[in-house]
Amino acid sequence: MKTVSSRANRAFSGPSPNPTNQVAASPSPLCWSPWKSTALQVSATTLSETLDGGQTFRWRQQPDLSWSGQWSSHQVRLRLSAAGLVQYAIPTGSNRSIRIAIRTFLRLDDDFAALADTLPWRSDPHIANCIATFPGLRIPRQPFGETLLCFLCSATKQIVQIKEMVALLAKNYGAEIAPNLHALPTWETLAAIPEDTLRKCLLGFRARYIAATAQYLAARPGWLDETEQLPYPVAKQRLIELPGVGAKVADCVLLFGAGKLEAFPVDTWILKAMAKRYDLTGWKPDQITHFGRQHFGPLAGLAQQYLFAYERAQAR
DNA sequence: ATCCAGGTATGCA
DNA sequence: TGCATACCTGGA
């Protein structure tokens, strides 16, 4: 358990991704580009909820309040400028593809304020309140297979625990993409690991789901990529074929990993939130799903994220 | 200590 | 179809 050495800190260059008190498991000792602004303007609260609100599990906030995150073989740092613009830094020597990857991940070509404006806030004071609380909340677009892996870990676990499992999977079985930094393992890699071994990553009974899903995918080359391309209803049906994937996980994978904004995942938070805010006490998850799609429309998944963020904030 | 945590699969009426 | 229960494990 050692902290990052001064040598590591000296290796940072440029104006600011230069934290002085990094926690262990923080970004590897690379050199970083100068900060570059995007056109995104959000509050610190909204940025935090976007990166660390249960949509993604590989972002960590640094002591200097910047965010360090990774997906595929990319690692990126984000922060807010004094003017409230989202800025990014990338490892020096990165090629152009990482900028495209950032654009895809953050969905910079999608105007989420305009999308939220199509939600029924004019007639629904609660969703209006949620939107006002987290203006500019986004839904990142994560790699499909990684999203599946993360949400297979999620059953009856809190976000911090899920992050821990995912970090262990990466550390133990993922390719090293930078010093002391690992990508998530591929499904091909996972297929070669026995369930009992996987359990060492604190997965508990979820290890069986991951092992069985890996076997299923290994027997069906191209299945995952095809599923990502299918229309939402068909893709959901297919995902549910996977061991450990039910309606909720399938909706999360499609919402966060395939950009299907009509997916409306119903978990315990949403169940309680809808009971309380919409007077739907006693409704079953399937009924809530139906209500959500009817009430919130084709962007129900964005509404779900607002509802989820709002309830989490209330609980604190 | 006992219970619960972003669920799913299975076994019974 | 509909409703309990088991399933791992760590933290409150």
# chains A, B, ... in the order shown; residues from 1 in each chain; ligands from 1
>>> interface_residues(of="chain A", to="chain C", cutoff="12 Å", atoms="only C-alpha atoms (C1' of nucleotides)", output="PDB file with N, CA and C atoms, in the first residue's frame")
ATOM      1  N   CYS A 153     -21.907  -7.195 -12.717  1.00  0.00           N
ATOM      2  CA  CYS A 153     -21.381  -7.106 -11.348  1.00  0.00           C
ATOM      3  C   CYS A 153     -22.341  -6.388 -10.407  1.00  0.00           C
ATOM      4  N   ALA A 155     -25.606  -6.547  -9.414  1.00  0.00           N
ATOM      5  CA  ALA A 155     -26.776  -7.036  -8.666  1.00  0.00           C
ATOM      6  C   ALA A 155     -26.605  -6.875  -7.158  1.00  0.00           C
ATOM      7  N   THR A 156     -27.531  -6.189  -6.540  1.00  0.00           N
ATOM      8  CA  THR A 156     -27.556  -5.934  -5.094  1.00  0.00           C
ATOM      9  C   THR A 156     -26.192  -5.509  -4.547  1.00  0.00           C
ATOM     10  N   LYS A 157     -25.571  -4.603  -5.257  1.00  0.00           N
ATOM     11  CA  LYS A 157     -24.320  -4.012  -4.762  1.00  0.00           C
ATOM     12  C   LYS A 157     -24.404  -2.506  -4.875  1.00  0.00           C
ATOM     13  N   GLN A 158     -23.690  -1.831  -4.024  1.00  0.00           N
ATOM     14  CA  GLN A 158     -23.631  -0.377  -4.114  1.00  0.00           C
ATOM     15  C   GLN A 158     -22.527   0.023  -5.083  1.00  0.00           C
ATOM     16  N   VAL A 160     -19.900   1.877  -4.941  1.00  0.00           N
ATOM     17  CA  VAL A 160     -18.495   1.738  -4.528  1.00  0.00           C
ATOM     18  C   VAL A 160     -18.033   0.289  -4.627  1.00  0.00           C
ATOM     19  N   GLN A 161     -18.912  -0.647  -4.312  1.00  0.00           N
ATOM     20  CA  GLN A 161     -18.535  -2.057  -4.374  1.00  0.00           C
ATOM     21  C   GLN A 161     -18.377  -2.507  -5.819  1.00  0.00           C
ATOM     22  N   ILE A 162     -19.277  -2.037  -6.667  1.00  0.00           N
ATOM     23  CA  ILE A 162     -19.182  -2.389  -8.086  1.00  0.00           C
ATOM     24  C   ILE A 162     -17.866  -1.866  -8.653  1.00  0.00           C
ATOM     25  N   GLU A 164     -15.150  -1.427  -7.112  1.00  0.00           N
ATOM     26  CA  GLU A 164     -14.068  -2.247  -6.588  1.00  0.00           C
ATOM     27  C   GLU A 164     -13.939  -3.567  -7.361  1.00  0.00           C
ATOM     28  N   MET A 165     -15.068  -4.219  -7.618  1.00  0.00           N
ATOM     29  CA  MET A 165     -15.041  -5.465  -8.395  1.00  0.00           C
ATOM     30  C   MET A 165     -14.455  -5.234  -9.780  1.00  0.00           C
ATOM     31  N   ASP A 196     -14.456 -20.201 -10.013  1.00  0.00           N
ATOM     32  CA  ASP A 196     -13.862 -20.107  -8.676  1.00  0.00           C
ATOM     33  C   ASP A 196     -12.724 -19.100  -8.632  1.00  0.00           C
ATOM     34  N   ARG A 199     -14.073 -15.550  -8.553  1.00  0.00           N
ATOM     35  CA  ARG A 199     -14.628 -15.149  -7.247  1.00  0.00           C
ATOM     36  C   ARG A 199     -13.624 -14.371  -6.407  1.00  0.00           C
ATOM     37  N   LYS A 200     -12.362 -14.515  -6.706  1.00  0.00           N
ATOM     38  CA  LYS A 200     -11.358 -13.769  -5.947  1.00  0.00           C
ATOM     39  C   LYS A 200     -11.453 -12.271  -6.177  1.00  0.00           C
ATOM     40  N   CYS A 201     -12.216 -11.873  -7.180  1.00  0.00           N
ATOM     41  CA  CYS A 201     -12.420 -10.443  -7.441  1.00  0.00           C
ATOM     42  C   CYS A 201     -13.612  -9.905  -6.656  1.00  0.00           C
ATOM     43  N   LEU A 202     -13.981 -10.557  -5.566  1.00  0.00           N
ATOM     44  CA  LEU A 202     -15.079 -10.106  -4.696  1.00  0.00           C
ATOM     45  C   LEU A 202     -16.423 -10.143  -5.400  1.00  0.00           C
ATOM     46  N   LEU A 203     -16.533 -10.997  -6.416  1.00  0.00           N
ATOM     47  CA  LEU A 203     -17.755 -11.001  -7.211  1.00  0.00           C
ATOM     48  C   LEU A 203     -18.906 -11.735  -6.546  1.00  0.00           C
ATOM     49  N   GLY A 204     -18.605 -12.659  -5.648  1.00  0.00           N
ATOM     50  CA  GLY A 204     -19.676 -13.443  -5.045  1.00  0.00           C
ATOM     51  C   GLY A 204     -20.411 -14.253  -6.101  1.00  0.00           C
ATOM     52  N   PHE A 205     -21.727 -14.346  -5.948  1.00  0.00           N
ATOM     53  CA  PHE A 205     -22.501 -15.169  -6.890  1.00  0.00           C
ATOM     54  C   PHE A 205     -22.490 -14.614  -8.304  1.00  0.00           C
ATOM     55  N   ARG A 206     -22.053 -13.342  -8.445  1.00  0.00           N
ATOM     56  CA  ARG A 206     -22.001 -12.747  -9.783  1.00  0.00           C
ATOM     57  C   ARG A 206     -20.919 -13.394 -10.650  1.00  0.00           C
ATOM     58  N   ALA A 207     -19.972 -14.056 -10.006  1.00  0.00           N
ATOM     59  CA  ALA A 207     -18.919 -14.746 -10.770  1.00  0.00           C
ATOM     60  C   ALA A 207     -19.515 -15.803 -11.694  1.00  0.00           C
ATOM     61  N   ARG A 208     -20.561 -16.457 -11.211  1.00  0.00           N
ATOM     62  CA  ARG A 208     -21.200 -17.490 -12.030  1.00  0.00           C
ATOM     63  C   ARG A 208     -21.822 -16.864 -13.276  1.00  0.00           C
ATOM     64  N   TYR A 209     -22.467 -15.705 -13.111  1.00  0.00           N
ATOM     65  CA  TYR A 209     -23.053 -15.015 -14.258  1.00  0.00           C
ATOM     66  C   TYR A 209     -21.979 -14.671 -15.289  1.00  0.00           C
ATOM     67  N   GLY A 244     -27.552 -14.262 -16.098  1.00  0.00           N
ATOM     68  CA  GLY A 244     -27.301 -13.145 -15.210  1.00  0.00           C
ATOM     69  C   GLY A 244     -27.832 -11.825 -15.728  1.00  0.00           C
ATOM     70  N   LYS A 284     -45.508  -3.185  -9.862  1.00  0.00           N
ATOM     71  CA  LYS A 284     -44.408  -4.110 -10.119  1.00  0.00           C
ATOM     72  C   LYS A 284     -43.435  -3.497 -11.134  1.00  0.00           C
TER      73      LYS A 284
END
>>> interface_residues(of="chain A", to="chain B", cutoff="12 Å", atoms="only C-alpha atoms (C1' of nucleotides)", output="PyMOL selection string")
chain A and resi 53-57+150-162+205-206+208-209+240-252+265-271+285+304-305+308-309+312
>>> write_last_selection(atoms="N, CA and C atoms", output="tab-separated table (two decimals), in the first residue's frame")
chain	number	residue	atom	x	y	z
A	53	GLY	N	-22.19	8.48	-11.04
A	53	GLY	CA	-23.54	8.34	-10.51
A	53	GLY	C	-24.16	6.99	-10.80
A	54	GLY	N	-23.31	6.01	-11.08
A	54	GLY	CA	-23.85	4.68	-11.33
A	54	GLY	C	-24.05	4.33	-12.79
A	55	GLN	N	-23.68	5.24	-13.68
A	55	GLN	CA	-23.68	4.91	-15.10
A	55	GLN	C	-22.37	4.23	-15.49
A	56	THR	N	-21.29	4.81	-15.01
A	56	THR	CA	-19.95	4.29	-15.28
A	56	THR	C	-19.28	3.97	-13.95
A	57	PHE	N	-18.30	3.09	-14.00
A	57	PHE	CA	-17.67	2.63	-12.76
A	57	PHE	C	-16.15	2.73	-12.78
A	150	CYS	N	-19.70	-4.67	-16.49
A	150	CYS	CA	-19.92	-3.86	-15.28
A	150	CYS	C	-21.28	-4.13	-14.66
A	151	PHE	N	-22.31	-4.21	-15.50
A	151	PHE	CA	-23.64	-4.38	-14.92
A	151	PHE	C	-23.93	-5.82	-14.53
A	152	LEU	N	-23.15	-6.76	-15.03
A	152	LEU	CA	-23.25	-8.12	-14.49
A	152	LEU	C	-22.72	-8.16	-13.06
A	153	CYS	N	-21.91	-7.19	-12.72
A	153	CYS	CA	-21.38	-7.11	-11.35
A	153	CYS	C	-22.34	-6.39	-10.41
A	154	SER	N	-23.39	-5.80	-10.94
A	154	SER	CA	-24.11	-4.78	-10.18
A	154	SER	C	-25.21	-5.30	-9.25
A	155	ALA	N	-25.61	-6.55	-9.41
A	155	ALA	CA	-26.78	-7.04	-8.67
A	155	ALA	C	-26.61	-6.87	-7.16
A	156	THR	N	-27.53	-6.19	-6.54
A	156	THR	CA	-27.56	-5.93	-5.09
A	156	THR	C	-26.19	-5.51	-4.55
A	157	LYS	N	-25.57	-4.60	-5.26
A	157	LYS	CA	-24.32	-4.01	-4.76
A	157	LYS	C	-24.40	-2.51	-4.88
A	158	GLN	N	-23.69	-1.83	-4.02
A	158	GLN	CA	-23.63	-0.38	-4.11
A	158	GLN	C	-22.53	0.02	-5.08
A	159	ILE	N	-22.62	1.27	-5.54
A	159	ILE	CA	-21.70	1.72	-6.58
A	159	ILE	C	-20.24	1.54	-6.17
A	160	VAL	N	-19.90	1.88	-4.94
A	160	VAL	CA	-18.50	1.74	-4.53
A	160	VAL	C	-18.03	0.29	-4.63
A	161	GLN	N	-18.91	-0.65	-4.31
A	161	GLN	CA	-18.53	-2.06	-4.37
A	161	GLN	C	-18.38	-2.51	-5.82
A	162	ILE	N	-19.28	-2.04	-6.67
A	162	ILE	CA	-19.18	-2.39	-8.09
A	162	ILE	C	-17.87	-1.87	-8.65
A	205	PHE	N	-21.73	-14.35	-5.95
A	205	PHE	CA	-22.50	-15.17	-6.89
A	205	PHE	C	-22.49	-14.61	-8.30
A	206	ARG	N	-22.05	-13.34	-8.45
A	206	ARG	CA	-22.00	-12.75	-9.78
A	206	ARG	C	-20.92	-13.39	-10.65
A	208	ARG	N	-20.56	-16.46	-11.21
A	208	ARG	CA	-21.20	-17.49	-12.03
A	208	ARG	C	-21.82	-16.86	-13.28
A	209	TYR	N	-22.47	-15.71	-13.11
A	209	TYR	CA	-23.05	-15.02	-14.26
A	209	TYR	C	-21.98	-14.67	-15.29
A	240	ILE	N	-31.25	-10.65	-22.75
A	240	ILE	CA	-31.85	-11.40	-21.64
A	240	ILE	C	-31.56	-12.90	-21.77
A	241	GLU	N	-31.16	-13.33	-22.95
A	241	GLU	CA	-30.73	-14.74	-23.10
A	241	GLU	C	-29.47	-15.02	-22.28
A	242	LEU	N	-28.70	-13.98	-21.99
A	242	LEU	CA	-27.43	-14.19	-21.30
A	242	LEU	C	-27.67	-14.53	-19.83
A	243	PRO	N	-26.89	-15.47	-19.29
A	243	PRO	CA	-27.03	-15.81	-17.88
A	243	PRO	C	-26.67	-14.62	-17.00
A	244	GLY	N	-27.55	-14.26	-16.10
A	244	GLY	CA	-27.30	-13.14	-15.21
A	244	GLY	C	-27.83	-11.82	-15.73
A	245	VAL	N	-28.38	-11.84	-16.94
A	245	VAL	CA	-28.94	-10.62	-17.50
A	245	VAL	C	-30.46	-10.72	-17.50
A	246	GLY	N	-31.09	-9.89	-16.70
A	246	GLY	CA	-32.54	-9.77	-16.70
A	246	GLY	C	-32.93	-8.45	-17.32
A	247	ALA	N	-34.16	-8.05	-17.13
A	247	ALA	CA	-34.67	-6.83	-17.75
A	247	ALA	C	-33.88	-5.60	-17.33
A	248	LYS	N	-33.55	-5.52	-16.07
A	248	LYS	CA	-32.87	-4.31	-15.56
A	248	LYS	C	-31.47	-4.17	-16.13
A	249	VAL	N	-30.69	-5.25	-16.05
A	249	VAL	CA	-29.32	-5.18	-16.56
A	249	VAL	C	-29.34	-4.95	-18.08
A	250	ALA	N	-30.25	-5.62	-18.78
A	250	ALA	CA	-30.33	-5.43	-20.23
A	250	ALA	C	-30.60	-3.96	-20.56
A	251	ASP	N	-31.51	-3.34	-19.83
A	251	ASP	CA	-31.81	-1.93	-20.09
A	251	ASP	C	-30.61	-1.04	-19.79
A	252	CYS	N	-29.88	-1.33	-18.73
A	252	CYS	CA	-28.68	-0.54	-18.43
A	252	CYS	C	-27.65	-0.68	-19.54
A	265	PRO	N	-34.38	1.49	-17.31
A	265	PRO	CA	-34.07	0.48	-16.30
A	265	PRO	C	-34.82	0.75	-15.00
A	266	VAL	N	-35.43	-0.28	-14.48
A	266	VAL	CA	-36.18	-0.16	-13.22
A	266	VAL	C	-35.47	-0.96	-12.13
A	267	ASP	N	-34.85	-0.23	-11.24
A	267	ASP	CA	-34.17	-0.86	-10.11
A	267	ASP	C	-34.90	-0.48	-8.84
A	268	THR	N	-34.33	-0.82	-7.71
A	268	THR	CA	-35.02	-0.54	-6.44
A	268	THR	C	-35.18	0.97	-6.22
A	269	TRP	N	-34.20	1.74	-6.66
A	269	TRP	CA	-34.30	3.20	-6.49
A	269	TRP	C	-35.47	3.75	-7.29
A	270	ILE	N	-35.55	3.33	-8.54
A	270	ILE	CA	-36.61	3.84	-9.39
A	270	ILE	C	-37.97	3.35	-8.90
A	271	LEU	N	-38.00	2.11	-8.45
A	271	LEU	CA	-39.25	1.56	-7.91
A	271	LEU	C	-39.76	2.42	-6.75
A	285	PRO	N	-42.19	-4.00	-11.15
A	285	PRO	CA	-41.19	-3.44	-12.08
A	285	PRO	C	-41.66	-3.37	-13.53
A	304	GLN	N	-35.05	8.58	-16.64
A	304	GLN	CA	-34.65	7.65	-15.57
A	304	GLN	C	-33.39	8.12	-14.89
A	305	GLN	N	-32.44	8.60	-15.70
A	305	GLN	CA	-31.18	9.04	-15.10
A	305	GLN	C	-31.38	10.27	-14.22
A	308	PHE	N	-33.05	9.01	-11.02
A	308	PHE	CA	-32.07	8.27	-10.21
A	308	PHE	C	-31.14	9.25	-9.49
A	309	ALA	N	-30.63	10.22	-10.23
A	309	ALA	CA	-29.72	11.20	-9.64
A	309	ALA	C	-30.42	11.96	-8.51
A	312	ARG	N	-30.85	9.80	-5.35
A	312	ARG	CA	-29.56	9.60	-4.68
A	312	ARG	C	-29.17	10.85	-3.89
>>> atom_distance(atom1="atom CA of A:Ala183", atom2="atom CA of A:Trp67")
17.1 Å
>>> atom_distance(atom1="atom CA of A:Lys236", atom2="atom CA of A:Leu299")
16.2 Å
>>> select_by_dssp(residues="stretch 35-226 of chain A", states="strand (DSSP E)", output="JSON, numbers by chain")
{"A": [36, 37, 38, 39, 40, 41, 59, 60, 61, 67, 68, 69, 70, 71, 74, 75, 76, 77, 78, 79, 80, 85, 86, 87, 88, 89, 176, 177, 178, 181, 182]}
>>> write_last_selection(atoms="N, CA and C atoms", output="PDB file, in the first residue's frame")
ATOM      1  N   LYS A  36      -7.631  21.006 -22.532  1.00  0.00           N
ATOM      2  CA  LYS A  36      -8.289  21.543 -23.720  1.00  0.00           C
ATOM      3  C   LYS A  36      -9.789  21.585 -23.463  1.00  0.00           C
ATOM      4  N   SER A  37     -10.402  22.690 -23.830  1.00  0.00           N
ATOM      5  CA  SER A  37     -11.826  22.859 -23.515  1.00  0.00           C
ATOM      6  C   SER A  37     -12.731  22.178 -24.525  1.00  0.00           C
ATOM      7  N   THR A  38     -13.838  21.650 -24.035  1.00  0.00           N
ATOM      8  CA  THR A  38     -14.932  21.241 -24.899  1.00  0.00           C
ATOM      9  C   THR A  38     -15.982  22.349 -24.852  1.00  0.00           C
ATOM     10  N   ALA A  39     -17.059  22.136 -25.575  1.00  0.00           N
ATOM     11  CA  ALA A  39     -18.141  23.128 -25.556  1.00  0.00           C
ATOM     12  C   ALA A  39     -19.127  22.852 -24.431  1.00  0.00           C
ATOM     13  N   LEU A  40     -18.880  21.814 -23.665  1.00  0.00           N
ATOM     14  CA  LEU A  40     -19.823  21.434 -22.606  1.00  0.00           C
ATOM     15  C   LEU A  40     -19.711  22.352 -21.411  1.00  0.00           C
ATOM     16  N   GLN A  41     -20.837  22.832 -20.954  1.00  0.00           N
ATOM     17  CA  GLN A  41     -20.845  23.625 -19.737  1.00  0.00           C
ATOM     18  C   GLN A  41     -21.815  22.997 -18.747  1.00  0.00           C
ATOM     19  N   TRP A  59     -14.412   5.881 -13.167  1.00  0.00           N
ATOM     20  CA  TRP A  59     -13.962   7.265 -12.998  1.00  0.00           C
ATOM     21  C   TRP A  59     -13.727   7.533 -11.524  1.00  0.00           C
ATOM     22  N   ARG A  60     -12.615   8.196 -11.230  1.00  0.00           N
ATOM     23  CA  ARG A  60     -12.303   8.545  -9.841  1.00  0.00           C
ATOM     24  C   ARG A  60     -11.938  10.016  -9.764  1.00  0.00           C
ATOM     25  N   GLN A  61     -12.452  10.645  -8.740  1.00  0.00           N
ATOM     26  CA  GLN A  61     -12.133  12.058  -8.549  1.00  0.00           C
ATOM     27  C   GLN A  61     -10.823  12.174  -7.788  1.00  0.00           C
ATOM     28  N   TRP A  67     -11.184  14.634 -12.691  1.00  0.00           N
ATOM     29  CA  TRP A  67     -11.632  13.246 -12.771  1.00  0.00           C
ATOM     30  C   TRP A  67     -10.685  12.453 -13.652  1.00  0.00           C
ATOM     31  N   SER A  68     -10.366  11.265 -13.226  1.00  0.00           N
ATOM     32  CA  SER A  68      -9.538  10.372 -14.016  1.00  0.00           C
ATOM     33  C   SER A  68     -10.361   9.145 -14.381  1.00  0.00           C
ATOM     34  N   GLY A  69     -10.420   8.853 -15.673  1.00  0.00           N
ATOM     35  CA  GLY A  69     -11.268   7.747 -16.091  1.00  0.00           C
ATOM     36  C   GLY A  69     -10.696   6.995 -17.265  1.00  0.00           C
ATOM     37  N   GLN A  70     -11.274   5.863 -17.549  1.00  0.00           N
ATOM     38  CA  GLN A  70     -10.774   5.042 -18.643  1.00  0.00           C
ATOM     39  C   GLN A  70     -11.876   4.180 -19.224  1.00  0.00           C
ATOM     40  N   TRP A  71     -11.708   3.853 -20.492  1.00  0.00           N
ATOM     41  CA  TRP A  71     -12.581   2.897 -21.171  1.00  0.00           C
ATOM     42  C   TRP A  71     -11.803   2.392 -22.362  1.00  0.00           C
ATOM     43  N   HIS A  74      -8.324   3.567 -23.576  1.00  0.00           N
ATOM     44  CA  HIS A  74      -8.118   5.003 -23.389  1.00  0.00           C
ATOM     45  C   HIS A  74      -8.103   5.389 -21.915  1.00  0.00           C
ATOM     46  N   GLN A  75      -7.292   6.364 -21.591  1.00  0.00           N
ATOM     47  CA  GLN A  75      -7.417   7.013 -20.290  1.00  0.00           C
ATOM     48  C   GLN A  75      -7.425   8.518 -20.504  1.00  0.00           C
ATOM     49  N   VAL A  76      -8.261   9.166 -19.729  1.00  0.00           N
ATOM     50  CA  VAL A  76      -8.533  10.580 -19.932  1.00  0.00           C
ATOM     51  C   VAL A  76      -8.728  11.236 -18.576  1.00  0.00           C
ATOM     52  N   ARG A  77      -8.383  12.523 -18.518  1.00  0.00           N
ATOM     53  CA  ARG A  77      -8.727  13.281 -17.327  1.00  0.00           C
ATOM     54  C   ARG A  77      -9.675  14.399 -17.720  1.00  0.00           C
ATOM     55  N   LEU A  78     -10.604  14.697 -16.851  1.00  0.00           N
ATOM     56  CA  LEU A  78     -11.577  15.758 -17.089  1.00  0.00           C
ATOM     57  C   LEU A  78     -11.584  16.697 -15.897  1.00  0.00           C
ATOM     58  N   ARG A  79     -11.889  17.955 -16.165  1.00  0.00           N
ATOM     59  CA  ARG A  79     -12.091  18.899 -15.069  1.00  0.00           C
ATOM     60  C   ARG A  79     -13.006  20.011 -15.577  1.00  0.00           C
ATOM     61  N   LEU A  80     -13.409  20.858 -14.665  1.00  0.00           N
ATOM     62  CA  LEU A  80     -14.175  22.041 -15.046  1.00  0.00           C
ATOM     63  C   LEU A  80     -13.251  23.244 -15.019  1.00  0.00           C
ATOM     64  N   LEU A  85     -16.579  25.201 -18.081  1.00  0.00           N
ATOM     65  CA  LEU A  85     -16.492  24.342 -19.261  1.00  0.00           C
ATOM     66  C   LEU A  85     -15.780  23.040 -18.906  1.00  0.00           C
ATOM     67  N   VAL A  86     -16.265  21.945 -19.449  1.00  0.00           N
ATOM     68  CA  VAL A  86     -15.569  20.674 -19.290  1.00  0.00           C
ATOM     69  C   VAL A  86     -14.300  20.700 -20.131  1.00  0.00           C
ATOM     70  N   GLN A  87     -13.171  20.414 -19.486  1.00  0.00           N
ATOM     71  CA  GLN A  87     -11.897  20.334 -20.196  1.00  0.00           C
ATOM     72  C   GLN A  87     -11.336  18.929 -20.078  1.00  0.00           C
ATOM     73  N   TYR A  88     -10.532  18.559 -21.055  1.00  0.00           N
ATOM     74  CA  TYR A  88      -9.921  17.234 -20.978  1.00  0.00           C
ATOM     75  C   TYR A  88      -8.417  17.327 -21.152  1.00  0.00           C
ATOM     76  N   ALA A  89      -7.728  16.340 -20.594  1.00  0.00           N
ATOM     77  CA  ALA A  89      -6.301  16.151 -20.843  1.00  0.00           C
ATOM     78  C   ALA A  89      -6.104  14.701 -21.234  1.00  0.00           C
ATOM     79  N   GLU A 176      -2.443  -4.424 -19.751  1.00  0.00           N
ATOM     80  CA  GLU A 176      -1.850  -3.201 -19.193  1.00  0.00           C
ATOM     81  C   GLU A 176      -1.730  -2.184 -20.316  1.00  0.00           C
ATOM     82  N   ILE A 177      -2.478  -1.099 -20.192  1.00  0.00           N
ATOM     83  CA  ILE A 177      -2.488  -0.111 -21.273  1.00  0.00           C
ATOM     84  C   ILE A 177      -1.558   1.041 -20.967  1.00  0.00           C
ATOM     85  N   ALA A 178      -1.077   1.116 -19.757  1.00  0.00           N
ATOM     86  CA  ALA A 178      -0.094   2.120 -19.341  1.00  0.00           C
ATOM     87  C   ALA A 178       0.479   1.580 -18.044  1.00  0.00           C
ATOM     88  N   LEU A 181      -1.782   0.585 -15.095  1.00  0.00           N
ATOM     89  CA  LEU A 181      -3.150   0.869 -15.532  1.00  0.00           C
ATOM     90  C   LEU A 181      -3.627  -0.221 -16.482  1.00  0.00           C
ATOM     91  N   HIS A 182      -4.754  -0.821 -16.144  1.00  0.00           N
ATOM     92  CA  HIS A 182      -5.236  -1.953 -16.912  1.00  0.00           C
ATOM     93  C   HIS A 182      -6.594  -1.675 -17.535  1.00  0.00           C
TER      94      HIS A 182
END
>>> atom_distance(atom1="atom CA of A:Ala44", atom2="atom CA of A:Leu255")
22.9 Å
>>> select_by_dssp(residues="stretch 72-186 of chain A", states="helix (DSSP H, G or I)", output="PyMOL selection string")
chain A and resi 97-105+112-117+125-133+144-152+159-173
>>> closest_residue(among="A:Ile98, A:Phe296, A:Pro125, A:Leu261", to="A:Asp110", atoms="only C-alpha atoms")
A:Leu261
